[in-house]
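J.: Have a peek at model34.cif (mmCIF, C-alpha atoms).
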data_start
#
loop_
_atom_site.group_PDB
_atom_site.id
_atom_site.type_symbol
_atom_site.label_atom_id
_atom_site.label_comp_id
_atom_site.auth_asym_id
_atom_site.auth_seq_id
_atom_site.Cartn_x
_atom_site.Cartn_y
_atom_site.Cartn_z
ATOM 1 C CA MET A 107 15.214 42.354 -25.610
ATOM 2 C CA LYS A 108 17.345 40.311 -27.980
ATOM 3 C CA VAL A 109 19.128 37.168 -26.828
ATOM 4 C CA ALA A 110 22.722 38.443 -27.041
ATOM 5 C CA PRO A 111 22.229 41.611 -24.886
ATOM 6 C CA ALA A 112 20.211 39.631 -22.356
ATOM 7 C CA CYS A 113 22.947 37.008 -22.058
ATOM 8 C CA ARG A 114 25.593 39.709 -21.544
ATOM 9 C CA LEU A 115 23.394 41.338 -18.925
ATOM 10 C CA PHE A 116 23.233 38.121 -16.879
ATOM 11 C CA GLY A 117 26.793 37.035 -17.594
ATOM 12 C CA HIS A 118 25.985 34.037 -19.804
ATOM 13 C CA CYS A 119 26.820 33.126 -23.375
ATOM 14 C CA ARG A 120 24.197 32.493 -26.032
ATOM 15 C CA GLN A 121 25.146 28.815 -26.169
ATOM 16 C CA ALA A 122 24.206 28.413 -22.505
ATOM 17 C CA TYR A 123 20.825 30.055 -23.170
ATOM 18 C CA TYR A 124 19.982 27.795 -26.097
ATOM 19 C CA GLN A 125 21.197 24.707 -24.209
ATOM 20 C CA SER A 126 19.048 25.656 -21.223
ATOM 21 C CA ARG A 127 16.006 26.101 -23.457
ATOM 22 C CA ALA A 128 16.654 22.745 -25.148
ATOM 23 C CA ASP A 129 16.969 21.057 -21.738
ATOM 24 C CA ILE A 130 13.654 22.532 -20.612
ATOM 25 C CA GLU A 131 11.919 21.420 -23.803
ATOM 26 C CA THR A 132 13.368 17.912 -23.427
ATOM 27 C CA ARG A 133 12.226 17.720 -19.795
ATOM 28 C CA LEU A 134 8.717 18.922 -20.656
ATOM 29 C CA LYS A 135 8.461 16.400 -23.495
ATOM 30 C CA ARG A 136 9.574 13.603 -21.169
ATOM 31 C CA GLU A 137 7.065 14.671 -18.528
ATOM 32 C CA ARG A 138 4.254 14.715 -21.113
ATOM 33 C CA LEU A 139 5.078 11.144 -22.135
ATOM 34 C CA ILE A 140 5.164 10.027 -18.504
ATOM 35 C CA LEU A 141 1.866 11.761 -17.687
ATOM 36 C CA ASP A 142 0.210 10.300 -20.783
ATOM 37 C CA ALA A 143 1.338 6.823 -19.677
ATOM 38 C CA VAL A 144 0.019 7.436 -16.143
ATOM 39 C CA ARG A 145 -3.364 8.520 -17.507
ATOM 40 C CA GLU A 146 -3.500 5.465 -19.807
ATOM 41 C CA ILE A 147 -2.845 3.134 -16.874
ATOM 42 C CA ARG A 148 -5.366 4.979 -14.712
ATOM 43 C CA VAL A 149 -8.038 4.301 -17.354
ATOM 44 C CA GLU A 150 -7.591 0.598 -16.598
ATOM 45 C CA ASP A 151 -6.925 1.009 -12.874
ATOM 46 C CA PRO A 152 -8.154 4.368 -11.518
ATOM 47 C CA GLY A 153 -7.041 3.549 -7.992
ATOM 48 C CA ILE A 154 -3.522 2.228 -8.568
ATOM 49 C CA GLY A 155 -0.999 3.805 -6.225
ATOM 50 C CA GLY A 156 1.906 6.063 -7.095
ATOM 51 C CA TYR A 157 4.646 3.586 -6.214
ATOM 52 C CA LYS A 158 3.220 0.861 -8.460
ATOM 53 C CA LEU A 159 2.880 3.432 -11.233
ATOM 54 C CA TRP A 160 6.536 4.337 -10.789
ATOM 55 C CA ILE A 161 7.558 0.663 -10.944
ATOM 56 C CA MET A 162 5.492 0.107 -14.101
ATOM 57 C CA LEU A 163 6.894 3.167 -15.864
ATOM 58 C CA THR A 164 10.504 2.312 -15.052
ATOM 59 C CA VAL A 165 9.865 -1.003 -16.831
ATOM 60 C CA LEU A 166 7.959 0.607 -19.709
ATOM 61 C CA PHE A 167 10.575 3.285 -20.496
ATOM 62 C CA ASP A 168 14.344 3.099 -20.804
ATOM 63 C CA ALA A 169 16.500 3.323 -17.686
ATOM 64 C CA GLY A 170 16.957 6.931 -16.593
ATOM 65 C CA PHE A 171 13.920 8.205 -18.490
ATOM 66 C CA VAL A 172 11.618 8.173 -15.458
ATOM 67 C CA PRO A 173 12.642 10.484 -12.573
ATOM 68 C CA GLY A 174 13.291 9.175 -9.075
ATOM 69 C CA ARG A 175 10.398 8.170 -6.866
ATOM 70 C CA ASP A 176 10.085 11.458 -4.967
ATOM 71 C CA SER A 177 10.384 13.550 -8.139
ATOM 72 C CA PHE A 178 7.773 11.291 -9.762
ATOM 73 C CA TYR A 179 5.426 11.866 -6.814
ATOM 74 C CA ALA A 180 5.984 15.617 -7.098
ATOM 75 C CA LEU A 181 5.099 15.448 -10.791
ATOM 76 C CA LEU A 182 1.864 13.581 -9.976
ATOM 77 C CA ARG A 183 0.965 16.133 -7.290
ATOM 78 C CA GLN A 184 1.661 19.014 -9.665
ATOM 79 C CA HIS A 185 -0.846 17.585 -12.145
ATOM 80 C CA ARG A 186 -3.313 16.431 -9.462
ATOM 81 C CA LEU A 187 -2.775 12.760 -10.223
ATOM 82 C CA MET A 188 -2.002 11.614 -6.682
ATOM 83 C CA LEU A 189 -4.815 9.614 -5.103
ATOM 84 C CA PRO A 190 -6.732 10.896 -2.066
ATOM 85 C CA PRO A 191 -6.495 8.852 1.154
ATOM 86 C CA ARG A 192 -8.366 5.567 0.960
ATOM 87 C CA LYS A 193 -11.704 5.055 2.685
ATOM 88 C CA VAL A 194 -12.140 1.596 4.176
ATOM 89 C CA ARG A 195 -15.417 -0.158 3.421
ATOM 90 C CA HIS A 196 -16.484 -3.428 4.624
ATOM 91 C CA THR A 197 -19.684 -8.416 3.459
ATOM 92 C CA THR A 198 -21.001 -14.457 4.909
ATOM 93 C CA ASN A 199 -23.749 -16.649 6.032
ATOM 94 C CA SER A 200 -22.018 -19.288 8.123
ATOM 95 C CA ASN A 201 -25.155 -20.238 10.038
ATOM 96 C CA HIS A 202 -25.984 -23.442 8.176
ATOM 97 C CA ARG A 203 -26.112 -27.209 8.613
ATOM 98 C CA TYR A 204 -23.119 -28.112 6.432
ATOM 99 C CA HIS A 205 -19.797 -29.373 7.722
ATOM 100 C CA LYS A 206 -17.190 -26.688 8.437
ATOM 101 C CA TRP A 207 -13.674 -27.778 7.569
ATOM 102 C CA LYS A 208 -10.403 -27.163 9.398
ATOM 103 C CA ASN A 209 -7.859 -24.546 8.415
ATOM 104 C CA LEU A 210 -5.049 -26.280 6.488
ATOM 105 C CA THR A 211 -3.081 -23.156 5.591
ATOM 106 C CA ARG A 212 -1.184 -22.444 8.806
ATOM 107 C CA GLY A 213 2.557 -22.630 8.263
ATOM 108 C CA LEU A 214 2.108 -23.396 4.569
ATOM 109 C CA CYS A 215 5.078 -22.510 2.340
ATOM 110 C CA LEU A 216 4.135 -22.201 -1.318
ATOM 111 C CA THR A 217 6.600 -22.966 -4.110
ATOM 112 C CA SER A 218 4.399 -22.980 -7.230
ATOM 113 C CA ALA A 219 0.979 -22.125 -8.556
ATOM 114 C CA ASN A 220 -2.056 -24.332 -7.932
ATOM 115 C CA GLN A 221 -0.966 -25.343 -4.444
ATOM 116 C CA LEU A 222 -3.379 -23.024 -2.616
ATOM 117 C CA TRP A 223 -6.475 -21.241 -3.881
ATOM 118 C CA VAL A 224 -8.337 -18.686 -1.813
ATOM 119 C CA SER A 225 -11.982 -17.841 -2.461
ATOM 120 C CA ASP A 226 -14.343 -15.070 -1.469
ATOM 121 C CA ILE A 227 -17.464 -13.206 -2.572
ATOM 122 C CA THR A 228 -17.851 -9.433 -2.565
ATOM 123 C CA TYR A 229 -20.631 -7.115 -3.694
ATOM 124 C CA THR A 230 -20.692 -4.284 -6.217
ATOM 125 C CA PRO A 231 -23.397 -1.554 -6.143
ATOM 126 C CA LEU A 232 -25.397 -0.651 -9.259
ATOM 127 C CA ALA A 233 -26.937 2.682 -10.231
ATOM 128 C CA ASN A 234 -30.514 1.561 -9.577
ATOM 129 C CA GLY A 235 -29.723 0.701 -5.962
ATOM 130 C CA ASP A 236 -29.317 -3.045 -6.549
ATOM 131 C CA VAL A 237 -26.069 -4.910 -6.040
ATOM 132 C CA CYS A 238 -24.324 -7.703 -7.913
ATOM 133 C CA TYR A 239 -21.895 -10.232 -6.494
ATOM 134 C CA LEU A 240 -18.362 -11.005 -7.583
ATOM 135 C CA HIS A 241 -17.332 -14.627 -6.907
ATOM 136 C CA LEU A 242 -13.542 -14.872 -6.945
ATOM 137 C CA ILE A 243 -10.871 -17.574 -6.783
ATOM 138 C CA THR A 244 -7.245 -16.443 -6.518
ATOM 139 C CA ASP A 245 -4.055 -18.468 -6.638
ATOM 140 C CA ALA A 246 -2.263 -17.620 -3.393
ATOM 141 C CA TYR A 247 1.236 -18.251 -4.787
ATOM 142 C CA SER A 248 1.023 -15.931 -7.783
ATOM 143 C CA HIS A 249 -1.952 -13.775 -6.680
ATOM 144 C CA LYS A 250 -3.447 -14.393 -10.119
ATOM 145 C CA ILE A 251 -7.246 -14.443 -10.325
ATOM 146 C CA VAL A 252 -7.965 -17.892 -11.789
ATOM 147 C CA GLY A 253 -11.771 -17.902 -11.610
ATOM 148 C CA TRP A 254 -14.445 -15.236 -11.359
ATOM 149 C CA VAL A 255 -18.154 -14.714 -11.987
ATOM 150 C CA LEU A 256 -20.239 -11.543 -11.619
ATOM 151 C CA THR A 257 -23.926 -12.205 -11.091
ATOM 152 C CA HIS A 258 -27.069 -10.889 -9.401
ATOM 153 C CA THR A 259 -27.203 -13.863 -7.062
ATOM 154 C CA LEU A 260 -25.372 -15.471 -4.158
ATOM 155 C CA ARG A 261 -26.491 -18.916 -5.305
ATOM 156 C CA VAL A 262 -23.915 -21.682 -5.251
ATOM 157 C CA SER A 263 -24.258 -22.179 -9.020
ATOM 158 C CA ALA A 264 -22.326 -18.949 -9.608
ATOM 159 C CA THR A 265 -19.638 -19.907 -7.086
ATOM 160 C CA ILE A 266 -19.300 -23.286 -8.815
ATOM 161 C CA ASP A 267 -18.905 -21.581 -12.201
ATOM 162 C CA ALA A 268 -15.933 -19.630 -10.823
ATOM 163 C CA LEU A 269 -14.505 -22.861 -9.408
ATOM 164 C CA ARG A 270 -14.845 -24.625 -12.771
ATOM 165 C CA GLN A 271 -12.824 -21.844 -14.409
ATOM 166 C CA ALA A 272 -10.045 -22.280 -11.871
ATOM 167 C CA ILE A 273 -10.074 -26.062 -12.292
ATOM 168 C CA ARG A 274 -9.848 -25.799 -16.097
ATOM 169 C CA GLN A 275 -6.702 -23.671 -15.999
ATOM 170 C CA ALA A 276 -5.087 -25.949 -13.419
ATOM 171 C CA VAL A 277 -5.909 -29.099 -15.403
ATOM 172 C CA GLU A 278 -4.391 -27.492 -18.516
ATOM 173 C CA MET A 279 -1.209 -26.599 -16.625
ATOM 174 C CA LYS A 280 -0.861 -30.002 -14.981
ATOM 175 C CA GLY A 281 -2.175 -32.107 -17.842
ATOM 176 C CA SER A 282 -4.284 -34.182 -15.479
ATOM 177 C CA GLU A 283 -7.791 -34.098 -14.032
ATOM 178 C CA SER A 284 -6.310 -34.970 -10.635
ATOM 179 C CA LEU A 285 -5.224 -31.875 -8.671
ATOM 180 C CA THR A 286 -4.047 -33.710 -5.572
ATOM 181 C CA GLY A 287 -1.805 -31.466 -3.480
ATOM 182 C CA LEU A 288 -3.967 -28.397 -4.056
ATOM 183 C CA ILE A 289 -5.823 -26.787 -1.137
ATOM 184 C CA HIS A 290 -8.968 -24.682 -1.556
ATOM 185 C CA HIS A 291 -9.304 -22.163 1.301
ATOM 186 C CA SER A 292 -12.383 -20.033 1.992
ATOM 187 C CA ASP A 293 -14.558 -18.627 4.735
ATOM 188 C CA ARG A 294 -17.382 -20.737 6.186
ATOM 189 C CA GLY A 295 -20.077 -19.399 3.883
ATOM 190 C CA VAL A 296 -22.806 -21.763 2.796
ATOM 191 C CA GLN A 297 -21.664 -21.594 -0.835
ATOM 192 C CA TYR A 298 -18.312 -23.174 0.048
ATOM 193 C CA CYS A 299 -19.637 -25.699 2.569
ATOM 194 C CA CYS A 300 -22.559 -27.076 0.556
ATOM 195 C CA ASP A 301 -22.469 -30.589 -0.878
ATOM 196 C CA GLN A 302 -22.266 -29.563 -4.555
ATOM 197 C CA TYR A 303 -19.211 -27.367 -4.065
ATOM 198 C CA VAL A 304 -17.331 -29.760 -1.803
ATOM 199 C CA SER A 305 -18.098 -32.693 -4.109
ATOM 200 C CA LEU A 306 -16.588 -30.868 -7.085
ATOM 201 C CA LEU A 307 -13.433 -30.145 -5.085
ATOM 202 C CA GLN A 308 -13.107 -33.731 -3.911
ATOM 203 C CA ALA A 309 -13.719 -35.107 -7.412
ATOM 204 C CA HIS A 310 -10.435 -33.468 -8.431
ATOM 205 C CA GLY A 311 -8.542 -34.421 -5.275
ATOM 206 C CA ILE A 312 -8.560 -30.859 -3.916
ATOM 207 C CA ALA A 313 -8.344 -30.549 -0.120
ATOM 208 C CA VAL A 314 -10.913 -28.343 1.627
ATOM 209 C CA SER A 315 -9.750 -25.680 4.087
ATOM 210 C CA MET A 316 -11.718 -22.959 5.868
ATOM 211 C CA THR A 317 -11.249 -20.129 8.309
ATOM 212 C CA GLU A 318 -11.887 -21.003 11.935
ATOM 213 C CA ASP A 319 -11.833 -17.741 13.880
ATOM 214 C CA TYR A 320 -14.255 -15.606 11.814
ATOM 215 C CA LYS A 321 -11.563 -12.995 11.212
ATOM 216 C CA PRO A 322 -10.916 -11.475 7.754
ATOM 217 C CA THR A 323 -7.180 -11.981 8.276
ATOM 218 C CA ASP A 324 -7.732 -15.758 8.211
ATOM 219 C CA ASN A 325 -8.370 -15.361 4.486
ATOM 220 C CA ALA A 326 -6.001 -12.465 3.985
ATOM 221 C CA VAL A 327 -5.022 -13.002 0.351
ATOM 222 C CA ALA A 328 -8.651 -13.241 -0.798
ATOM 223 C CA GLU A 329 -9.607 -10.170 1.250
ATOM 224 C CA ARG A 330 -6.669 -8.282 -0.222
ATOM 225 C CA VAL A 331 -7.668 -9.089 -3.807
ATOM 226 C CA ASN A 332 -11.251 -8.024 -3.046
ATOM 227 C CA GLY A 333 -9.940 -4.764 -1.642
ATOM 228 C CA ILE A 334 -7.735 -4.070 -4.643
ATOM 229 C CA ILE A 335 -10.597 -4.566 -7.100
ATOM 230 C CA LYS A 336 -13.030 -2.434 -5.099
ATOM 231 C CA VAL A 337 -10.672 0.364 -4.048
ATOM 232 C CA GLU A 338 -8.685 0.660 -7.273
ATOM 233 C CA ARG A 339 -11.540 0.122 -9.751
ATOM 234 C CA VAL A 340 -15.099 -0.261 -8.447
ATOM 235 C CA TYR A 341 -15.081 2.742 -6.096
ATOM 236 C CA ARG A 342 -13.479 4.873 -8.826
ATOM 237 C CA GLN A 343 -16.443 4.218 -11.120
ATOM 238 C CA ARG A 344 -19.160 6.764 -10.369
ATOM 239 C CA TYR A 345 -21.867 4.248 -11.159
ATOM 240 C CA PHE A 346 -22.572 1.075 -13.107
ATOM 241 C CA ASN A 347 -25.601 1.339 -15.405
ATOM 242 C CA GLY A 348 -26.341 -2.331 -14.838
ATOM 243 C CA ILE A 349 -24.704 -5.692 -14.362
ATOM 244 C CA GLU A 350 -23.501 -5.912 -17.993
ATOM 245 C CA HIS A 351 -21.731 -2.573 -17.626
ATOM 246 C CA ALA A 352 -20.168 -3.738 -14.366
ATOM 247 C CA ARG A 353 -19.138 -7.058 -15.935
ATOM 248 C CA LYS A 354 -17.336 -5.358 -18.828
ATOM 249 C CA VAL A 355 -15.475 -2.967 -16.529
ATOM 250 C CA ILE A 356 -14.494 -5.665 -14.024
ATOM 251 C CA GLU A 357 -13.479 -8.124 -16.761
ATOM 252 C CA ARG A 358 -11.161 -5.516 -18.232
ATOM 253 C CA TYR A 359 -9.732 -4.688 -14.832
ATOM 254 C CA ILE A 360 -9.101 -8.354 -13.940
ATOM 255 C CA HIS A 361 -7.166 -8.741 -17.192
ATOM 256 C CA PHE A 362 -5.147 -5.654 -16.257
ATOM 257 C CA TYR A 363 -4.603 -7.012 -12.724
ATOM 258 C CA ASN A 364 -3.439 -10.404 -13.979
ATOM 259 C CA TYR A 365 -1.243 -9.269 -16.868
ATOM 260 C CA ARG A 366 0.020 -5.763 -16.114
ATOM 261 C CA ARG A 367 -0.231 -4.807 -12.435
ATOM 262 C CA PRO A 368 2.857 -5.513 -10.261
ATOM 263 C CA HIS A 369 2.166 -7.018 -6.844
ATOM 264 C CA MET A 370 4.162 -6.348 -3.658
ATOM 265 C CA SER A 371 3.697 -9.862 -2.256
ATOM 266 C CA ILE A 372 5.476 -11.414 -5.245
ATOM 267 C CA GLY A 373 8.382 -8.995 -5.506
ATOM 268 C CA TYR A 374 6.586 -6.476 -7.739
ATOM 269 C CA LYS A 375 6.113 -9.106 -10.430
ATOM 270 C CA ILE A 376 3.007 -9.478 -12.555
ATOM 271 C CA PRO A 377 0.708 -12.294 -11.361
ATOM 272 C CA ALA A 378 0.607 -13.998 -14.778
ATOM 273 C CA VAL A 379 4.414 -14.156 -14.772
ATOM 274 C CA ALA A 380 4.659 -15.440 -11.201
ATOM 275 C CA HIS A 381 1.999 -18.046 -12.016
ATOM 276 C CA LEU A 382 4.472 -19.834 -14.303
ATOM 277 C CA GLU A 383 7.381 -19.716 -11.842
ATOM 278 C CA THR A 384 8.549 -22.056 -9.108
ATOM 279 C CA GLY A 385 10.329 -21.343 -5.844
ATOM 280 C CA VAL A 386 9.399 -19.177 -2.898
ATOM 281 C CA GLN A 387 8.292 -15.678 -3.902
ATOM 282 C CA THR A 388 9.876 -12.688 -2.162
ATOM 283 C CA LYS A 389 7.501 -10.248 -0.494
ATOM 284 C CA MET A 390 8.258 -6.523 -0.627
ATOM 285 C CA TRP A 391 6.212 -5.404 2.365
ATOM 286 C CA LYS A 392 6.850 -5.498 6.088
ATOM 287 C CA MET A 393 4.432 -6.318 8.884
ATOM 288 C CA LYS A 394 3.408 -3.319 10.963
ATOM 289 C CA LYS A 395 4.441 -3.214 14.584
ATOM 290 C CA HIS A 396 1.710 -4.015 17.098
ATOM 291 C CA ASP A 397 1.525 -4.140 20.866
ATOM 292 C CA ALA A 398 1.727 -7.450 22.724
ATOM 293 C CA ASN A 399 -2.048 -8.029 22.773
ATOM 294 C CA ASP A 400 -2.371 -7.459 19.022
ATOM 295 C CA LYS A 401 0.495 -9.854 18.343
ATOM 296 C CA ASN A 402 -1.135 -12.581 20.383
ATOM 297 C CA ASN A 403 -4.473 -12.074 18.644
ATOM 298 C CA GLU A 404 -3.010 -12.042 15.142
ATOM 299 C CA LYS A 405 -0.353 -14.741 15.419
ATOM 300 C CA ASP A 406 -2.374 -17.305 13.474
ATOM 301 C CA ALA A 407 -3.580 -14.846 10.864
ATOM 302 C CA VAL A 408 -0.047 -13.834 9.905
ATOM 303 C CA SER A 409 0.816 -17.357 8.726
ATOM 304 C CA LEU A 410 -1.292 -17.095 5.569
ATOM 305 C CA GLN A 411 -0.056 -13.604 4.749
ATOM 306 C CA ASN A 412 3.519 -14.818 5.180
ATOM 307 C CA GLN A 413 3.079 -17.586 2.633
ATOM 308 C CA THR A 414 5.636 -15.850 0.390
ATOM 309 C CA THR A 415 8.248 -15.527 3.105
ATOM 310 C CA SER A 416 11.607 -17.054 2.231
ATOM 311 C CA PRO A 417 12.677 -20.121 4.235
ATOM 312 C CA GLY A 418 15.269 -18.138 6.146
ATOM 313 C CA GLU A 419 12.651 -15.677 7.428
ATOM 314 C CA GLY A 420 10.343 -18.089 9.174
ATOM 315 C CA THR A 421 9.191 -21.645 9.676
ATOM 316 C CA CYS A 422 6.872 -23.156 7.100
ATOM 317 C CA ARG A 423 5.795 -26.535 5.855
ATOM 318 C CA ARG A 424 5.994 -27.306 2.156
ATOM 319 C CA THR A 425 3.165 -28.804 0.186
#
As structure tokens - that is how I would like this structure written.
T.:
Amino acid sequence: MKVAPACRLFGHCRQAYYQSRADIETRLKRERLILDAVREIRVEDPGIGGYKLWIMLTVLFDAGFVPGRDSFYALLRQHRLMLPPRKVRHTTNSNHRYHKWKNLTRGLCLTSANQLWVSDITYTPLANGDVCYLHLITDAYSHKIVGWVLTHTLRVSATIDALRQAIRQAVEMKGSESLTGLIHHSDRGVQYCCDQYVSLLQAHGIAVSMTEDYKPTDNAVAERVNGIIKVERVYRQRYFNGIEHARKVIERYIHFYNYRRPHMSIGYKIPAVAHLETGVQTKMWKMKKHDANDKNNEKDAVSLQNQTTSPGEGTCRRT
């Protein structure tokens, strides 16, 4: 049937038909661009969530180009781009002769980068059944990864290499070898307690802080960064052929994490941007409600997670 008779049959003019077809073509073209951008980001970060994708695309495209959040989610579902529910996976030898240091992070209120670093080690499986270990140092103010090493070993030499990376960037920012006022926080693993590691920290005036209650929440920022890397990238990789393959993939992801991925705990900013700022960062998440027993058990752990809380929201001490 020709256009004109069909329009008369349904009570519409030809102009309305052609406008409707143009609108549909425009919408489909816009959706293709959005989906292509989502797939490009997912190449770098296969596990990034829908909300962060929406935030990134609203910055990437002009205002009004990206649909609202719920419509964006519906578009992802339609094209099977929504992530399945996360599976939680859980790795420290603290049974050693070295001194275990006190926790200096409680009530700490951060106002700039290089005031508090958090460190941790996590493992990554390889195709042949072996594992390699990712030694990480993260700036707690900006959530930027400032030092990392991927290696076959848990030896302290690798952990020190990651620390040296972090120290180099801090010295460049400050213009001084002295980093007095900076706290290094970690679990009580032997790598962080041993003489070589502690001596390097003290040589630069860095205070040593450690968890005291053997709970992951006592090093919440480090645990969170570990989780992001593993859930959003490592677990999405079917296998790593070997450590060099894993190193290339993780190096690329860390660059993406530092320079492109928005972070809730710093107001959906990019860590590299927040790293150059000063002032208290605004968090965009809320603590879940717990019963009275949970609140009593987690009271101390919340202090580190609330490091980005504004002064009006809680009590904190400034560095």
J.: As a check of understanding, name the residues that the PyMOL selection byres ((chain A and resi 267-272) around 9) selects in the supplied structure, as a list in words.
T.: Trp223, Ser225, His241, Leu242, Ile243, Thr244, Asp245, Ile251, Val252, Gly253, Trp254, Val255, Val262, Ser263, Ala264, Thr265, Ile266, Ile273, Arg274, Gln275, Ala276, Val277, Tyr303, Leu306 and Leu307 of chain A
J.: As a check of understanding, name the residues that the PyMOL selection byres ((chain A and resi 209) around 9) selects in the supplied structure, as JSON, numbers by chain.
T.: {"A": [207, 208, 210, 211, 212, 291, 314, 315, 316, 317, 318, 324]}
J.: Do you know which residues are at most 9 Å from A:Ala219 counting all atoms listed in the file, after dropping those on the same chain fewer than 2 positions away, and could you put them as a list in words?
T.: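 Residues near the query, excluding close chain neighbours: Leu216, Thr217, Gln221, Leu222, Trp223, Asp245, Ala246, Tyr247, Ser248, Ala276, Ala380, His381, Leu382, Glu383 and Thr384 of chain A.
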J.: Find the residues around A:His205 up to 12 Å (all atoms listed in the file counted), leave out those fewer than 5 positions away in its own chain, and share them as a count of residues only.
T.: 14
J.: For the interface of stretch 196-251 of chain A with stretch 343-366 of chain A (cut-off 10 Å, counting only C-alpha atoms), please tabulate each contacting residue of stretch 196-251 of chain A alongside its nearest pair of atoms and their separation in Å to one decimal, rows sorted by chain and increasing number, as a tab-separated table.
T.:
residue	atom	partner	partner_atom	distance
A:Thr230	CA	A:Ala352	CA	8.2
A:Pro231	CA	A:Phe346	CA	7.5
A:Leu232	CA	A:Phe346	CA	5.1
A:Ala233	CA	A:Tyr345	CA	5.4
A:Asn234	CA	A:Asn347	CA	7.6
A:Gly235	CA	A:Gly348	CA	10.0
A:Asp236	CA	A:Gly348	CA	8.8
A:Val237	CA	A:Ile349	CA	8.5
A:Cys238	CA	A:Ile349	CA	6.8
A:Tyr239	CA	A:Ile349	CA	9.5
A:Leu240	CA	A:Ile356	CA	9.2
A:Ser248	CA	A:Asn364	CA	9.4
A:His249	CA	A:Asn364	CA	8.2
A:Lys250	CA	A:Asn364	CA	5.6
A:Ile251	CA	A:Asn364	CA	6.6
J.: Check which residues of stretch 127-177 of chain A sit at most 10 Å from stretch 370-378 of chain A using all atoms listed in the file, and return one row each with the closest pair of atoms and their distance in Å to one decimal, ordered by chain and rising number, as CSV.
T.:
residue,atom,partner,partner_atom,distance
A:Lys158,CA,A:Tyr374,CA,8.1
A:Ile161,CA,A:Tyr374,CA,7.9
A:Met162,CA,A:Tyr374,CA,9.2
J.: Counting all atoms listed in the file, which of A:Met188, A:His258, A:Leu134, A:Glu278 gets nearest to A:Leu159?
T.: A:Met188
J.: If I take atom CA of A:Leu214 and atom CA of A:Arg367, how far is one from the other in Å, to one decimal?
T.: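 Taking atom CA of A:Leu214 as the start and atom CA of A:Arg367 as the end point, the length is 25.3 Å.
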J.: Mind pulling up the distance from atom CA of A:Leu288 to atom CA of A:Ile312?
T.: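 Separation between atom CA of A:Ile312 and atom CA of A:Leu288: 5.2 Å.
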J.: What is the distance, in Å and to one decimal place, between atom CA of A:Val386 and atom CA of A:Pro368?
T.: 16.8 Å
J.: Applied to the shown file, which residues does the PyMOL selection byres ((chain A and resi 173) around 10) return, written as an MDAnalysis selection string?
T.: chainID A and resid 136:137 140 160 163:164 169:172 174:179 181
J.: Mind checking which residues fall within 10 Å of A:Thr286, counting all atoms listed in the file, ignoring those fewer than 2 positions away in the same chain, and posting them as number ranges by chain?
T.: A: 220-221, 282-284, 288-289, 308-313
J.: So that I can see what lies close to A:Arg342, please list as a list of chain:residue names the residues with an atom at most 8 Å from it, counting only C-alpha atoms and leaving out residues fewer than 4 positions away in the same chain.
T.: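 Contacts, in chain order: A:Pro152, A:Gly153, A:Val337, A:Glu338.
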J.: Can I get the selection written as a PDB file, keeping the file's coordinate frame, with C-alpha atoms?
T.:
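part26.pdb written:
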ATOM      1  CA  PRO A 152      -8.154   4.368 -11.518  1.00  0.00           C
ATOM      2  CA  GLY A 153      -7.041   3.549  -7.992  1.00  0.00           C
ATOM      3  CA  VAL A 337     -10.672   0.364  -4.048  1.00  0.00           C
ATOM      4  CA  GLU A 338      -8.685   0.660  -7.273  1.00  0.00           C
TER       5      GLU A 338
END
